[in-house]
Amino acid sequence: MGFLGVCLPCLAVQVGEKALAAQLLLDGQPLDPPPPLAILLHKPTGYVVTSPGDENVSDPKIYDLLPLRFGRRRPFLSAIGRLDKETSGLLLLTDDGKLLHSIQSPARGIWKLYTAQLGSPLTGREAAAAVRRFGSGGMQLVGDRSPLLPAGLRMLDDTTAEVAICEGRYHQIRRMFASIGREV
C-alpha cells in the first residue's frame, strides 16, 4: 500500500481510527513537532515549576504531566510564569527563547491575572484599602530590595480576589496578601 510514493507496509491503526501519540513514529522514532513549540498546560496543585532536570526537587514536576520525551527536548521547554506548589492554573511552556523573554520581562508590561482564595474575609473598608495599597506602586514586601510595580485588585466576594500583576516575584500574591494580614 502506498501514499504519494511512500511505502506503508504496516498500519497500526485503520483509516478513520484515532492513533495514540506513541504510535506515530518516523524511522522508528516518536514524531515530535520541531522547535519552536508552545504548550498550554493546566498545572494542578501538588506540582512544582522547575527545570526538567532539577534533581534537587523531590516533588512532582510539571514535566511529569507531559510525555517523557518532552522533558528531554533541547532546547528544553521553559515555563512562562511561576506557580508555586499549592497553586493551580494555566502555564505556557515553550522552547522559544524570544517568546519567553517577550512575555516574562516586566519591561514589556504584560499583565497576568490570578484568582486568590483568602483564608478569612475582607470587609468593604479593608478591601478598599487593599485596592489602594496594591495599586500604589509603593508596596514593599519583606525581603525585597525594591517596591512592587502597581498591581490591580478586584474582590469577587469577601474571600475571593482577582489580582493582576506585570512582574512575578517569589510567592508574590501570597506575600502581598500576608502584608495586609490575610492568608491565601
# chains A, B, ... in the order shown; residues from 1 in each chain; ligands from 1
call {"tool": "select_by_dssp", "arguments": {"residues": "region 2-173 of chain A", "states": "helix (DSSP H, G or I)", "output": "number ranges by chain"}}
result
A: 21-23, 62-65, 68-72, 97-104, 106-108, 124-135, 172-173
call {"tool": "write_last_selection", "arguments": {"atoms": "N, CA, C and O atoms", "output": "short mmCIF file (atom, residue, chain, number, x, y, z; two decimals), in the first residue's frame"}}
result
data_model
loop_
_atom_site.label_atom_id
_atom_site.label_comp_id
_atom_site.auth_asym_id
_atom_site.auth_seq_id
_atom_site.Cartn_x
_atom_site.Cartn_y
_atom_site.Cartn_z
N ALA A 21 -0.40 9.01 20.41
CA ALA A 21 0.84 9.71 20.07
C ALA A 21 2.02 8.74 20.00
O ALA A 21 2.88 8.87 19.14
N ALA A 22 2.04 7.75 20.88
CA ALA A 22 3.14 6.79 20.90
C ALA A 22 3.18 5.93 19.65
O ALA A 22 4.19 5.32 19.33
N GLN A 23 2.06 5.84 18.92
CA GLN A 23 2.01 5.04 17.70
C GLN A 23 2.57 5.78 16.49
O GLN A 23 2.81 5.17 15.46
N ILE A 62 6.05 19.70 36.82
CA ILE A 62 5.08 19.86 35.74
C ILE A 62 5.43 18.98 34.55
O ILE A 62 4.55 18.53 33.82
N TYR A 63 6.71 18.69 34.35
CA TYR A 63 7.14 17.86 33.22
C TYR A 63 6.67 16.42 33.37
O TYR A 63 6.59 15.69 32.39
N ASP A 64 6.32 16.02 34.60
CA ASP A 64 5.78 14.67 34.82
C ASP A 64 4.39 14.54 34.21
O ASP A 64 3.90 13.43 34.02
N LEU A 65 3.74 15.66 33.91
CA LEU A 65 2.41 15.66 33.31
C LEU A 65 2.47 15.53 31.78
O LEU A 65 1.43 15.35 31.14
N LEU A 68 7.18 11.80 28.39
CA LEU A 68 8.56 11.78 28.88
C LEU A 68 9.52 12.48 27.92
O LEU A 68 10.40 13.22 28.34
N ARG A 69 9.32 12.28 26.64
CA ARG A 69 10.25 12.85 25.66
C ARG A 69 10.23 14.38 25.65
O ARG A 69 11.20 15.01 25.27
N PHE A 70 9.13 15.00 26.12
CA PHE A 70 9.07 16.47 26.13
C PHE A 70 10.03 17.04 27.18
O PHE A 70 10.52 18.14 27.03
N GLY A 71 10.30 16.30 28.24
CA GLY A 71 11.26 16.74 29.24
C GLY A 71 12.70 16.60 28.77
O GLY A 71 13.60 17.14 29.39
N ARG A 72 12.88 15.90 27.66
CA ARG A 72 14.23 15.69 27.12
C ARG A 72 14.52 16.57 25.91
O ARG A 72 15.58 16.46 25.31
N GLY A 97 12.93 30.97 23.04
CA GLY A 97 13.51 31.94 23.96
C GLY A 97 13.00 33.36 23.73
O GLY A 97 12.81 34.13 24.68
N LYS A 98 12.78 33.72 22.49
CA LYS A 98 12.30 35.06 22.16
C LYS A 98 10.88 35.28 22.72
O LYS A 98 10.59 36.31 23.32
N LEU A 99 10.02 34.30 22.55
CA LEU A 99 8.66 34.37 23.09
C LEU A 99 8.71 34.42 24.62
O LEU A 99 8.02 35.23 25.24
N LEU A 100 9.53 33.57 25.21
CA LEU A 100 9.68 33.51 26.66
C LEU A 100 10.05 34.88 27.22
O LEU A 100 9.40 35.39 28.13
N HIS A 101 11.06 35.49 26.64
CA HIS A 101 11.51 36.79 27.13
C HIS A 101 10.46 37.87 26.89
O HIS A 101 10.24 38.73 27.75
N SER A 102 9.80 37.83 25.75
CA SER A 102 8.83 38.88 25.43
C SER A 102 7.63 38.87 26.39
O SER A 102 7.03 39.90 26.64
N ILE A 103 7.31 37.72 26.94
CA ILE A 103 6.16 37.63 27.86
C ILE A 103 6.61 37.83 29.31
O ILE A 103 5.93 38.51 30.08
N GLN A 104 7.75 37.27 29.69
CA GLN A 104 8.17 37.31 31.10
C GLN A 104 8.79 38.62 31.53
O GLN A 104 8.74 38.96 32.71
N PRO A 106 9.33 42.10 32.82
CA PRO A 106 8.47 43.15 33.35
C PRO A 106 8.49 44.42 32.49
O PRO A 106 7.52 45.17 32.45
N ALA A 107 9.58 44.64 31.77
CA ALA A 107 9.68 45.82 30.91
C ALA A 107 8.63 45.80 29.80
O ALA A 107 8.26 46.86 29.28
N ARG A 108 8.14 44.63 29.45
CA ARG A 108 7.11 44.51 28.40
C ARG A 108 5.73 44.90 28.90
O ARG A 108 4.83 45.15 28.11
N GLY A 124 -15.53 45.54 53.52
CA GLY A 124 -15.53 46.52 52.44
C GLY A 124 -14.44 47.56 52.60
O GLY A 124 -13.74 47.92 51.64
N ARG A 125 -14.27 48.04 53.82
CA ARG A 125 -13.24 49.05 54.10
C ARG A 125 -11.83 48.47 53.90
O ARG A 125 -10.96 49.11 53.33
N GLU A 126 -11.60 47.22 54.39
CA GLU A 126 -10.30 46.57 54.22
C GLU A 126 -10.00 46.33 52.73
O GLU A 126 -8.87 46.52 52.28
N ALA A 127 -11.03 45.93 51.98
CA ALA A 127 -10.85 45.68 50.55
C ALA A 127 -10.48 46.97 49.82
O ALA A 127 -9.58 46.98 48.97
N ALA A 128 -11.13 48.07 50.15
CA ALA A 128 -10.83 49.36 49.52
C ALA A 128 -9.40 49.79 49.84
O ALA A 128 -8.67 50.28 48.96
N ALA A 129 -8.96 49.58 51.09
CA ALA A 129 -7.59 49.92 51.47
C ALA A 129 -6.59 49.04 50.72
O ALA A 129 -5.53 49.52 50.28
N ALA A 130 -6.92 47.75 50.56
CA ALA A 130 -6.03 46.83 49.84
C ALA A 130 -5.92 47.23 48.37
O ALA A 130 -4.83 47.19 47.80
N VAL A 131 -7.02 47.64 47.75
CA VAL A 131 -7.01 48.09 46.35
C VAL A 131 -6.03 49.26 46.21
O VAL A 131 -5.20 49.29 45.30
N ARG A 132 -6.13 50.22 47.12
CA ARG A 132 -5.23 51.38 47.07
C ARG A 132 -3.78 50.97 47.30
O ARG A 132 -2.89 51.41 46.59
N ARG A 133 -3.55 50.11 48.28
CA ARG A 133 -2.17 49.70 48.60
C ARG A 133 -1.55 48.89 47.46
O ARG A 133 -0.41 49.12 47.08
N PHE A 134 -2.28 47.92 46.93
CA PHE A 134 -1.75 47.10 45.84
C PHE A 134 -1.47 47.96 44.61
O PHE A 134 -0.50 47.73 43.89
N GLY A 135 -2.29 48.94 44.36
CA GLY A 135 -2.16 49.78 43.16
C GLY A 135 -1.21 50.95 43.30
O GLY A 135 -0.95 51.67 42.33
N GLN A 172 4.66 36.10 45.14
CA GLN A 172 4.23 37.50 45.21
C GLN A 172 2.80 37.67 45.70
O GLN A 172 2.55 38.48 46.60
N ILE A 173 1.86 36.95 45.15
CA ILE A 173 0.44 37.12 45.54
C ILE A 173 0.25 36.74 47.01
O ILE A 173 -0.37 37.49 47.77
#
call {"tool": "residues_around", "arguments": {"residues": "Val184 (chain A)", "least_positions_apart": "2", "cutoff": "7 Å", "atoms": "only C-alpha atoms", "output": "VMD selection string"}}
result
chain A and resid 116 to 119 174 177 182
call {"tool": "write_last_selection", "arguments": {"atoms": "C-alpha atoms", "output": "short mmCIF file (atom, residue, chain, number, x, y, z; two decimals), in the first residue's frame"}}
result
data_model
loop_
_atom_site.label_atom_id
_atom_site.label_comp_id
_atom_site.auth_asym_id
_atom_site.auth_seq_id
_atom_site.Cartn_x
_atom_site.Cartn_y
_atom_site.Cartn_z
CA ALA A 116 -6.78 34.06 45.12
CA GLN A 117 -8.92 32.41 47.77
CA LEU A 118 -8.39 34.16 51.11
CA GLY A 119 -8.37 32.31 54.42
CA ARG A 174 0.68 35.19 48.82
CA PHE A 177 -1.98 39.36 51.00
CA ARG A 182 -4.59 37.61 55.06
#
call {"tool": "closest_residue", "arguments": {"among": "A:Ala161, A:Leu91, A:Ile80, A:Ile110", "to": "Leu41 (chain A)", "atoms": "only C-alpha atoms"}}
result
A:Leu91
call {"tool": "residues_around", "arguments": {"residues": "Gly53 (chain A)", "least_positions_apart": "2", "cutoff": "10 Å", "atoms": "only C-alpha atoms", "output": "ChimeraX atom specification"}}
result
/A:50-51,55-57,61,63,71-72,76
call {"tool": "closest_residue", "arguments": {"among": "A:Ser88, A:Thr159, A:Ser58, A:Thr94", "to": "Pro35 (chain A)", "atoms": "only C-alpha atoms"}}
result
A:Thr94
call {"tool": "residues_around", "arguments": {"residues": "Pro147 (chain A)", "least_positions_apart": "2", "cutoff": "12 Å", "atoms": "only C-alpha atoms", "output": "list of chain:residue names"}}
result
A:Arg133, A:Phe134, A:Gly135, A:Ser136, A:Gly137, A:Gly138, A:Met139, A:Gln140, A:Leu141, A:Val142, A:Gly143, A:Asp144, A:Arg145, A:Leu149, A:Pro150, A:Ala151, A:Glu167, A:Arg169, A:Gln172, A:Met176
call {"tool": "write_last_selection", "arguments": {"atoms": "N, CA and C atoms", "output": "tab-separated table (two decimals), in the first residue's frame"}}
result
chain	number	residue	atom	x	y	z
A	133	ARG	N	-3.55	50.11	48.28
A	133	ARG	CA	-2.17	49.70	48.60
A	133	ARG	C	-1.55	48.89	47.46
A	134	PHE	N	-2.28	47.92	46.93
A	134	PHE	CA	-1.75	47.10	45.84
A	134	PHE	C	-1.47	47.96	44.61
A	135	GLY	N	-2.29	48.94	44.36
A	135	GLY	CA	-2.16	49.78	43.16
A	135	GLY	C	-1.21	50.95	43.30
A	136	SER	N	-0.65	51.14	44.49
A	136	SER	CA	0.15	52.34	44.76
A	136	SER	C	1.51	52.37	44.06
A	137	GLY	N	2.08	51.21	43.80
A	137	GLY	CA	3.44	51.19	43.26
A	137	GLY	C	4.48	51.42	44.35
A	138	GLY	N	4.05	51.49	45.58
A	138	GLY	CA	4.97	51.72	46.69
A	138	GLY	C	4.99	50.57	47.68
A	139	MET	N	4.26	49.51	47.37
A	139	MET	CA	4.18	48.38	48.30
A	139	MET	C	5.51	47.62	48.27
A	140	GLN	N	6.12	47.49	49.43
A	140	GLN	CA	7.40	46.77	49.52
A	140	GLN	C	7.21	45.55	50.40
A	141	LEU	N	7.57	44.40	49.88
A	141	LEU	CA	7.43	43.15	50.62
A	141	LEU	C	8.69	42.87	51.42
A	142	VAL	N	8.53	42.20	52.54
A	142	VAL	CA	9.65	41.85	53.40
A	142	VAL	C	10.67	41.03	52.59
A	143	GLY	N	11.92	41.45	52.67
A	143	GLY	CA	12.99	40.75	51.98
A	143	GLY	C	13.28	41.24	50.58
A	144	ASP	N	12.41	42.09	50.03
A	144	ASP	CA	12.64	42.64	48.68
A	144	ASP	C	13.39	43.95	48.78
A	145	ARG	N	14.20	44.23	47.77
A	145	ARG	CA	15.00	45.46	47.76
A	145	ARG	C	14.26	46.65	47.17
A	149	LEU	N	5.75	46.84	41.45
A	149	LEU	CA	5.06	47.66	40.46
A	149	LEU	C	3.58	47.69	40.84
A	150	PRO	N	2.84	48.70	40.42
A	150	PRO	CA	1.42	48.74	40.75
A	150	PRO	C	0.71	47.46	40.29
A	151	ALA	N	-0.21	47.00	41.10
A	151	ALA	CA	-0.99	45.80	40.80
A	151	ALA	C	-2.47	46.13	40.89
A	167	GLU	N	4.70	41.73	36.99
A	167	GLU	CA	6.00	41.17	37.34
A	167	GLU	C	5.70	39.89	38.10
A	169	ARG	N	7.39	38.06	41.27
A	169	ARG	CA	8.36	37.80	42.32
A	169	ARG	C	7.97	36.53	43.08
A	172	GLN	N	4.66	36.10	45.14
A	172	GLN	CA	4.23	37.50	45.21
A	172	GLN	C	2.80	37.67	45.70
A	176	MET	N	1.79	39.45	49.14
A	176	MET	CA	1.03	40.70	49.12
A	176	MET	C	-0.14	40.62	50.11
call {"tool": "atom_distance", "arguments": {"atom1": "CA of Asp158 (chain A)", "atom2": "CA of Lys112 (chain A)"}}
result
21.6 Å
